[in-house]
Amino acid sequence: MKYLFLTFLLCPFVAFSQVNNIVGSWKTIDDKTGEAKSIVRIYKDTDGKYYGKVETLFQDPDKKCDKCKGENKDKPILGMVIITDMKEKGDKLDGGFILDPASGDKYYVTISREKDGKLKLRGSLDKLGMLGRNQFWVKP
């Protein structure tokens, strides 16, 4: 009975540590060329949600988001928050959005850590992730 109690007591810490492995800096990779595009830092804000901010642009650090709509229109991509409103859901982040500065489009996104250490982002047009694709980021 004592061991069962300890197991239930420690379960929240195991889930926390898995999500905590998502927090930090990640190198984004161009799907077509395989070259590094940027460094994005994923962090937990005071509102308890997770966000991702572009900290480095490798090719053109002065590039602006000319295809973005709304508040990001023509703003510098460097320093832009491109992942918003993510919430912990088990061992992953879910329920938020990712902005693709190249197209200006926003997608639903789920973020998880793979066994090989890569970060898996599933961007999709629908909340279920059926109409979308995966992208993998690596530690810089």
# chains A, B, ... in the order shown; residues from 1 in each chain; ligands from 1

$ select_by_dssp --residues "chain A" --states "alpha helix (DSSP H)" --output "list in words"
Lys2, Tyr3, Leu4, Phe5, Leu6, Thr7, Phe8, Leu9, Leu10, Cys11, Pro12, Phe13, Val14, Ala15, Phe16, Ser17, Gln18, Val19 and Asn20 of chain A

$ write_last_selection --atoms "all heavy atoms" --output "compact mmCIF listing (two decimals), in the first residue's frame"
# COMPACT_ATOMS: atom_id res chain seq x y z
N LYS A 2 1.95 1.21 0.76
CA LYS A 2 2.84 2.36 0.85
C LYS A 2 3.46 2.66 -0.52
O LYS A 2 3.57 3.81 -0.92
CB LYS A 2 3.92 2.08 1.89
CG LYS A 2 4.93 3.21 2.04
CD LYS A 2 5.82 3.03 3.25
CE LYS A 2 6.83 1.94 3.02
NZ LYS A 2 7.83 1.85 4.09
N TYR A 3 3.83 1.63 -1.28
CA TYR A 3 4.45 1.82 -2.59
C TYR A 3 3.44 2.36 -3.61
O TYR A 3 3.78 3.17 -4.46
CB TYR A 3 5.07 0.52 -3.10
CG TYR A 3 6.21 0.06 -2.22
CD1 TYR A 3 6.11 -1.07 -1.45
CD2 TYR A 3 7.39 0.80 -2.16
CE1 TYR A 3 7.14 -1.48 -0.64
CE2 TYR A 3 8.44 0.40 -1.35
CZ TYR A 3 8.31 -0.74 -0.59
OH TYR A 3 9.34 -1.14 0.21
N LEU A 4 2.22 1.91 -3.51
CA LEU A 4 1.16 2.40 -4.39
C LEU A 4 0.94 3.89 -4.16
O LEU A 4 0.83 4.67 -5.10
CB LEU A 4 -0.13 1.61 -4.15
CG LEU A 4 -1.30 1.93 -5.06
CD1 LEU A 4 -0.92 1.63 -6.51
CD2 LEU A 4 -2.51 1.12 -4.66
N PHE A 5 0.92 4.29 -2.89
CA PHE A 5 0.75 5.70 -2.55
C PHE A 5 1.90 6.54 -3.12
O PHE A 5 1.68 7.59 -3.70
CB PHE A 5 0.68 5.86 -1.03
CG PHE A 5 0.64 7.30 -0.60
CD1 PHE A 5 -0.51 8.06 -0.74
CD2 PHE A 5 1.77 7.90 -0.05
CE1 PHE A 5 -0.53 9.39 -0.36
CE2 PHE A 5 1.76 9.21 0.34
CZ PHE A 5 0.59 9.96 0.18
N LEU A 6 3.14 6.05 -2.98
CA LEU A 6 4.30 6.77 -3.51
C LEU A 6 4.25 6.89 -5.03
O LEU A 6 4.62 7.92 -5.60
CB LEU A 6 5.59 6.08 -3.08
CG LEU A 6 6.02 6.30 -1.64
CD1 LEU A 6 7.23 5.44 -1.30
CD2 LEU A 6 6.31 7.76 -1.38
N THR A 7 3.78 5.84 -5.69
CA THR A 7 3.65 5.88 -7.15
C THR A 7 2.71 6.99 -7.58
O THR A 7 3.03 7.79 -8.46
CB THR A 7 3.15 4.52 -7.68
OG1 THR A 7 4.07 3.51 -7.28
CG2 THR A 7 3.01 4.54 -9.19
N PHE A 8 1.54 7.09 -6.95
CA PHE A 8 0.58 8.14 -7.29
C PHE A 8 1.10 9.51 -6.91
O PHE A 8 0.85 10.49 -7.59
CB PHE A 8 -0.77 7.88 -6.63
CG PHE A 8 -1.54 6.79 -7.28
CD1 PHE A 8 -1.83 5.62 -6.60
CD2 PHE A 8 -1.98 6.92 -8.59
CE1 PHE A 8 -2.54 4.60 -7.21
CE2 PHE A 8 -2.69 5.90 -9.21
CZ PHE A 8 -2.97 4.74 -8.53
N LEU A 9 1.84 9.58 -5.85
CA LEU A 9 2.40 10.84 -5.40
C LEU A 9 3.44 11.37 -6.38
O LEU A 9 3.51 12.56 -6.66
CB LEU A 9 3.03 10.68 -4.01
CG LEU A 9 3.62 11.93 -3.37
CD1 LEU A 9 2.50 12.92 -3.05
CD2 LEU A 9 4.36 11.56 -2.11
N LEU A 10 4.25 10.49 -6.97
CA LEU A 10 5.33 10.90 -7.87
C LEU A 10 4.90 11.07 -9.32
O LEU A 10 5.62 11.71 -10.09
CB LEU A 10 6.47 9.89 -7.80
CG LEU A 10 7.20 9.82 -6.47
CD1 LEU A 10 8.23 8.71 -6.48
CD2 LEU A 10 7.85 11.15 -6.12
N CYS A 11 3.74 10.58 -9.71
CA CYS A 11 3.28 10.69 -11.11
C CYS A 11 3.26 12.13 -11.63
O CYS A 11 3.73 12.39 -12.73
CB CYS A 11 1.91 10.05 -11.29
SG CYS A 11 2.02 8.25 -11.42
N PRO A 12 2.77 13.10 -10.89
CA PRO A 12 2.79 14.47 -11.42
C PRO A 12 4.20 14.99 -11.68
O PRO A 12 4.42 15.75 -12.61
CB PRO A 12 2.11 15.30 -10.32
CG PRO A 12 1.30 14.32 -9.55
CD PRO A 12 2.04 13.01 -9.63
N PHE A 13 5.17 14.56 -10.89
CA PHE A 13 6.54 15.02 -11.09
C PHE A 13 7.16 14.41 -12.34
O PHE A 13 7.94 15.04 -13.03
CB PHE A 13 7.40 14.72 -9.86
CG PHE A 13 6.95 15.46 -8.65
CD1 PHE A 13 6.34 14.80 -7.59
CD2 PHE A 13 7.10 16.84 -8.58
CE1 PHE A 13 5.91 15.50 -6.48
CE2 PHE A 13 6.67 17.53 -7.46
CZ PHE A 13 6.07 16.87 -6.42
N VAL A 14 6.79 13.19 -12.67
CA VAL A 14 7.28 12.56 -13.88
C VAL A 14 6.76 13.30 -15.10
O VAL A 14 7.48 13.61 -16.03
CB VAL A 14 6.89 11.06 -13.91
CG1 VAL A 14 7.20 10.44 -15.26
CG2 VAL A 14 7.59 10.31 -12.80
N ALA A 15 5.46 13.61 -15.11
CA ALA A 15 4.87 14.35 -16.23
C ALA A 15 5.49 15.73 -16.34
O ALA A 15 5.79 16.21 -17.42
CB ALA A 15 3.36 14.46 -16.05
N PHE A 16 5.72 16.39 -15.20
CA PHE A 16 6.32 17.72 -15.22
C PHE A 16 7.71 17.67 -15.83
O PHE A 16 8.07 18.49 -16.65
CB PHE A 16 6.39 18.30 -13.80
CG PHE A 16 7.19 19.57 -13.74
CD1 PHE A 16 6.66 20.75 -14.19
CD2 PHE A 16 8.49 19.56 -13.26
CE1 PHE A 16 7.39 21.91 -14.14
CE2 PHE A 16 9.24 20.71 -13.21
CZ PHE A 16 8.68 21.90 -13.65
N SER A 17 8.49 16.68 -15.45
CA SER A 17 9.86 16.62 -15.95
C SER A 17 9.89 16.37 -17.45
O SER A 17 10.78 16.84 -18.14
CB SER A 17 10.66 15.56 -15.20
OG SER A 17 10.17 14.28 -15.47
N GLN A 18 8.93 15.62 -17.99
CA GLN A 18 8.89 15.38 -19.43
C GLN A 18 8.56 16.67 -20.18
O GLN A 18 9.18 16.97 -21.19
CB GLN A 18 7.89 14.28 -19.75
CG GLN A 18 8.38 12.92 -19.29
CD GLN A 18 7.34 11.84 -19.42
OE1 GLN A 18 6.17 12.11 -19.61
NE2 GLN A 18 7.77 10.61 -19.30
N VAL A 19 7.58 17.42 -19.72
CA VAL A 19 7.25 18.70 -20.35
C VAL A 19 8.40 19.69 -20.15
O VAL A 19 8.73 20.46 -21.04
CB VAL A 19 5.92 19.27 -19.81
CG1 VAL A 19 5.71 20.70 -20.25
CG2 VAL A 19 4.75 18.40 -20.26
N ASN A 20 9.03 19.62 -18.99
CA ASN A 20 10.16 20.50 -18.72
C ASN A 20 11.30 20.29 -19.71
O ASN A 20 12.07 21.19 -19.98
CB ASN A 20 10.64 20.30 -17.28
CG ASN A 20 11.43 21.47 -16.77
OD1 ASN A 20 11.14 22.61 -17.09
ND2 ASN A 20 12.44 21.18 -15.98

$ residues_around --residues "stretch 45-62 of chain A" --least-positions-apart "6" --cutoff "6 Å" --atoms "only C-alpha atoms" --output "list of chain:residue names"
A:Lys37, A:Ser38, A:Ile39, A:Leu78, A:Gly79, A:Met80, A:Val81, A:Ile82, A:Ile83, A:Thr84, A:Asp85, A:Met86, A:Lys87

$ closest_residue --among "A:Ala36, A:Val138, A:Leu93, A:Leu131" --to "A:Ser112" --atoms "only C-alpha atoms"
A:Leu93

$ select_by_dssp --residues "stretch 50-135 of chain A" --states "strand (DSSP E or B)" --output "ChimeraX atom specification"
/A:50-57,64,76,81-89,92-100,105-113,119-124,132-135

$ write_last_selection --atoms "C-alpha atoms" --output "PDB file, in the first residue's frame"
ATOM      1  CA  TYR A  50       4.061  28.047 -22.996  1.00  0.00           C
ATOM      2  CA  TYR A  51       5.362  30.227 -25.814  1.00  0.00           C
ATOM      3  CA  GLY A  52       8.139  30.161 -28.389  1.00  0.00           C
ATOM      4  CA  LYS A  53      10.178  33.191 -29.429  1.00  0.00           C
ATOM      5  CA  VAL A  54      12.618  33.502 -32.340  1.00  0.00           C
ATOM      6  CA  GLU A  55      16.016  34.329 -30.828  1.00  0.00           C
ATOM      7  CA  THR A  56      18.288  33.839 -33.864  1.00  0.00           C
ATOM      8  CA  LEU A  57      17.761  33.969 -37.630  1.00  0.00           C
ATOM      9  CA  LYS A  64      10.305  41.063 -41.686  1.00  0.00           C
ATOM     10  CA  PRO A  76      10.840  41.736 -37.589  1.00  0.00           C
ATOM     11  CA  VAL A  81       6.658  35.061 -30.581  1.00  0.00           C
ATOM     12  CA  ILE A  82       5.641  32.334 -33.050  1.00  0.00           C
ATOM     13  CA  ILE A  83       4.292  29.710 -30.615  1.00  0.00           C
ATOM     14  CA  THR A  84       1.405  30.838 -28.403  1.00  0.00           C
ATOM     15  CA  ASP A  85      -0.997  29.618 -25.741  1.00  0.00           C
ATOM     16  CA  MET A  86       0.371  26.081 -25.294  1.00  0.00           C
ATOM     17  CA  LYS A  87      -0.809  24.090 -22.280  1.00  0.00           C
ATOM     18  CA  GLU A  88       0.580  20.988 -20.602  1.00  0.00           C
ATOM     19  CA  LYS A  89      -1.303  17.847 -21.587  1.00  0.00           C
ATOM     20  CA  LYS A  92       3.356  17.161 -24.346  1.00  0.00           C
ATOM     21  CA  LEU A  93       2.230  20.713 -25.040  1.00  0.00           C
ATOM     22  CA  ASP A  94      -1.096  21.198 -26.804  1.00  0.00           C
ATOM     23  CA  GLY A  95      -3.948  23.609 -27.413  1.00  0.00           C
ATOM     24  CA  GLY A  96      -1.946  26.447 -28.904  1.00  0.00           C
ATOM     25  CA  PHE A  97      -0.811  27.816 -32.230  1.00  0.00           C
ATOM     26  CA  ILE A  98       2.320  28.198 -34.316  1.00  0.00           C
ATOM     27  CA  LEU A  99       2.919  30.966 -36.837  1.00  0.00           C
ATOM     28  CA  ASP A 100       4.822  30.201 -40.038  1.00  0.00           C
ATOM     29  CA  ASP A 105      -0.315  31.317 -41.666  1.00  0.00           C
ATOM     30  CA  LYS A 106      -1.185  30.093 -38.161  1.00  0.00           C
ATOM     31  CA  TYR A 107      -1.669  26.419 -37.372  1.00  0.00           C
ATOM     32  CA  TYR A 108      -2.805  24.356 -34.414  1.00  0.00           C
ATOM     33  CA  VAL A 109       0.262  22.706 -32.918  1.00  0.00           C
ATOM     34  CA  THR A 110       1.183  19.875 -30.577  1.00  0.00           C
ATOM     35  CA  ILE A 111       4.746  19.656 -29.243  1.00  0.00           C
ATOM     36  CA  SER A 112       6.391  16.557 -27.803  1.00  0.00           C
ATOM     37  CA  ARG A 113       9.888  15.259 -27.120  1.00  0.00           C
ATOM     38  CA  LEU A 119      11.389  18.029 -30.597  1.00  0.00           C
ATOM     39  CA  LYS A 120       8.384  16.968 -32.660  1.00  0.00           C
ATOM     40  CA  LEU A 121       5.957  19.676 -33.737  1.00  0.00           C
ATOM     41  CA  ARG A 122       2.713  18.580 -35.352  1.00  0.00           C
ATOM     42  CA  GLY A 123       1.189  21.574 -37.127  1.00  0.00           C
ATOM     43  CA  SER A 124      -2.286  21.164 -38.530  1.00  0.00           C
ATOM     44  CA  GLY A 132      -1.094  18.593 -41.098  1.00  0.00           C
ATOM     45  CA  ARG A 133       2.528  17.602 -41.015  1.00  0.00           C
ATOM     46  CA  ASN A 134       5.384  17.025 -38.603  1.00  0.00           C
ATOM     47  CA  GLN A 135       8.530  19.049 -38.207  1.00  0.00           C
TER      48      GLN A 135
END

$ atom_distance --atom1 "atom CA of A:Gly34" --atom2 "atom CA of A:Lys115"
20.7 Å

$ closest_residue --among "A:Asp66, A:Gly117, A:Leu128, A:Lys139" --to "A:Ser103" --atoms "only C-alpha atoms"
A:Asp66

$ decode --residues "stretch 68-88 of chain A" --atoms "N, CA, C and O atoms" --output "mmCIF file, in the first residue's frame"
data_model
loop_
_atom_site.group_PDB
_atom_site.id
_atom_site.type_symbol
_atom_site.label_atom_id
_atom_site.label_comp_id
_atom_site.auth_asym_id
_atom_site.auth_seq_id
_atom_site.Cartn_x
_atom_site.Cartn_y
_atom_site.Cartn_z
ATOM 1 N N CYS A 68 2.607 38.116 -42.889
ATOM 2 C CA CYS A 68 1.793 37.992 -41.677
ATOM 3 C C CYS A 68 0.606 38.935 -41.744
ATOM 4 O O CYS A 68 0.629 39.947 -42.462
ATOM 5 N N LYS A 69 -0.402 38.592 -40.965
ATOM 6 C CA LYS A 69 -1.585 39.432 -40.848
ATOM 7 C C LYS A 69 -1.649 39.978 -39.420
ATOM 8 O O LYS A 69 -0.998 39.477 -38.526
ATOM 9 N N GLY A 70 -2.432 41.011 -39.233
ATOM 10 C CA GLY A 70 -2.656 41.529 -37.889
ATOM 11 C C GLY A 70 -1.439 42.195 -37.294
ATOM 12 O O GLY A 70 -0.665 42.853 -37.993
ATOM 13 N N GLU A 71 -1.234 41.996 -35.989
ATOM 14 C CA GLU A 71 -0.186 42.698 -35.247
ATOM 15 C C GLU A 71 1.230 42.360 -35.696
ATOM 16 O O GLU A 71 2.152 43.126 -35.456
ATOM 17 N N ASN A 72 1.432 41.214 -36.341
ATOM 18 C CA ASN A 72 2.773 40.824 -36.785
ATOM 19 C C ASN A 72 3.118 41.301 -38.192
ATOM 20 O O ASN A 72 4.248 41.114 -38.638
ATOM 21 N N LYS A 73 2.166 41.911 -38.880
ATOM 22 C CA LYS A 73 2.383 42.383 -40.242
ATOM 23 C C LYS A 73 3.591 43.326 -40.298
ATOM 24 O O LYS A 73 3.670 44.308 -39.566
ATOM 25 N N ASP A 74 4.568 42.966 -41.147
ATOM 26 C CA ASP A 74 5.780 43.751 -41.396
ATOM 27 C C ASP A 74 6.663 43.963 -40.162
ATOM 28 O O ASP A 74 7.521 44.848 -40.153
ATOM 29 N N LYS A 75 6.477 43.151 -39.125
ATOM 30 C CA LYS A 75 7.328 43.213 -37.933
ATOM 31 C C LYS A 75 8.541 42.307 -38.153
ATOM 32 O O LYS A 75 8.476 41.330 -38.893
ATOM 33 N N PRO A 76 9.661 42.619 -37.488
ATOM 34 C CA PRO A 76 10.840 41.736 -37.589
ATOM 35 C C PRO A 76 10.521 40.336 -37.059
ATOM 36 O O PRO A 76 9.865 40.191 -36.023
ATOM 37 N N ILE A 77 10.994 39.324 -37.773
ATOM 38 C CA ILE A 77 10.800 37.945 -37.316
ATOM 39 C C ILE A 77 11.675 37.680 -36.095
ATOM 40 O O ILE A 77 11.262 37.000 -35.163
ATOM 41 N N LEU A 78 12.877 38.255 -36.097
ATOM 42 C CA LEU A 78 13.763 38.131 -34.945
ATOM 43 C C LEU A 78 13.086 38.775 -33.734
ATOM 44 O O LEU A 78 12.710 39.939 -33.766
ATOM 45 N N GLY A 79 12.877 38.002 -32.685
ATOM 46 C CA GLY A 79 12.200 38.495 -31.493
ATOM 47 C C GLY A 79 10.703 38.227 -31.479
ATOM 48 O O GLY A 79 10.037 38.481 -30.481
ATOM 49 N N MET A 80 10.167 37.703 -32.577
ATOM 50 C CA MET A 80 8.733 37.454 -32.680
ATOM 51 C C MET A 80 8.344 36.185 -31.925
ATOM 52 O O MET A 80 9.050 35.182 -31.960
ATOM 53 N N VAL A 81 7.218 36.233 -31.246
ATOM 54 C CA VAL A 81 6.658 35.061 -30.581
ATOM 55 C C VAL A 81 5.847 34.310 -31.631
ATOM 56 O O VAL A 81 4.837 34.818 -32.123
ATOM 57 N N ILE A 82 6.304 33.098 -31.991
ATOM 58 C CA ILE A 82 5.641 32.334 -33.050
ATOM 59 C C ILE A 82 4.853 31.138 -32.515
ATOM 60 O O ILE A 82 4.068 30.547 -33.244
ATOM 61 N N ILE A 83 5.070 30.772 -31.254
ATOM 62 C CA ILE A 83 4.292 29.710 -30.615
ATOM 63 C C ILE A 83 3.537 30.355 -29.461
ATOM 64 O O ILE A 83 4.145 31.036 -28.626
ATOM 65 N N THR A 84 2.213 30.161 -29.414
ATOM 66 C CA THR A 84 1.405 30.838 -28.403
ATOM 67 C C THR A 84 0.408 29.896 -27.744
ATOM 68 O O THR A 84 -0.038 28.925 -28.344
ATOM 69 N N ASP A 85 0.114 30.206 -26.496
ATOM 70 C CA ASP A 85 -0.997 29.618 -25.741
ATOM 71 C C ASP A 85 -0.954 28.105 -25.573
ATOM 72 O O ASP A 85 -1.987 27.448 -25.494
ATOM 73 N N MET A 86 0.236 27.529 -25.481
ATOM 74 C CA MET A 86 0.371 26.081 -25.294
ATOM 75 C C MET A 86 0.113 25.726 -23.831
ATOM 76 O O MET A 86 0.503 26.463 -22.935
ATOM 77 N N LYS A 87 -0.527 24.570 -23.632
ATOM 78 C CA LYS A 87 -0.809 24.090 -22.280
ATOM 79 C C LYS A 87 -0.253 22.681 -22.118
ATOM 80 O O LYS A 87 -0.185 21.923 -23.079
ATOM 81 N N GLU A 88 0.108 22.342 -20.895
ATOM 82 C CA GLU A 88 0.580 20.988 -20.602
ATOM 83 C C GLU A 88 -0.576 20.011 -20.745
ATOM 84 O O GLU A 88 -1.674 20.258 -20.245
#
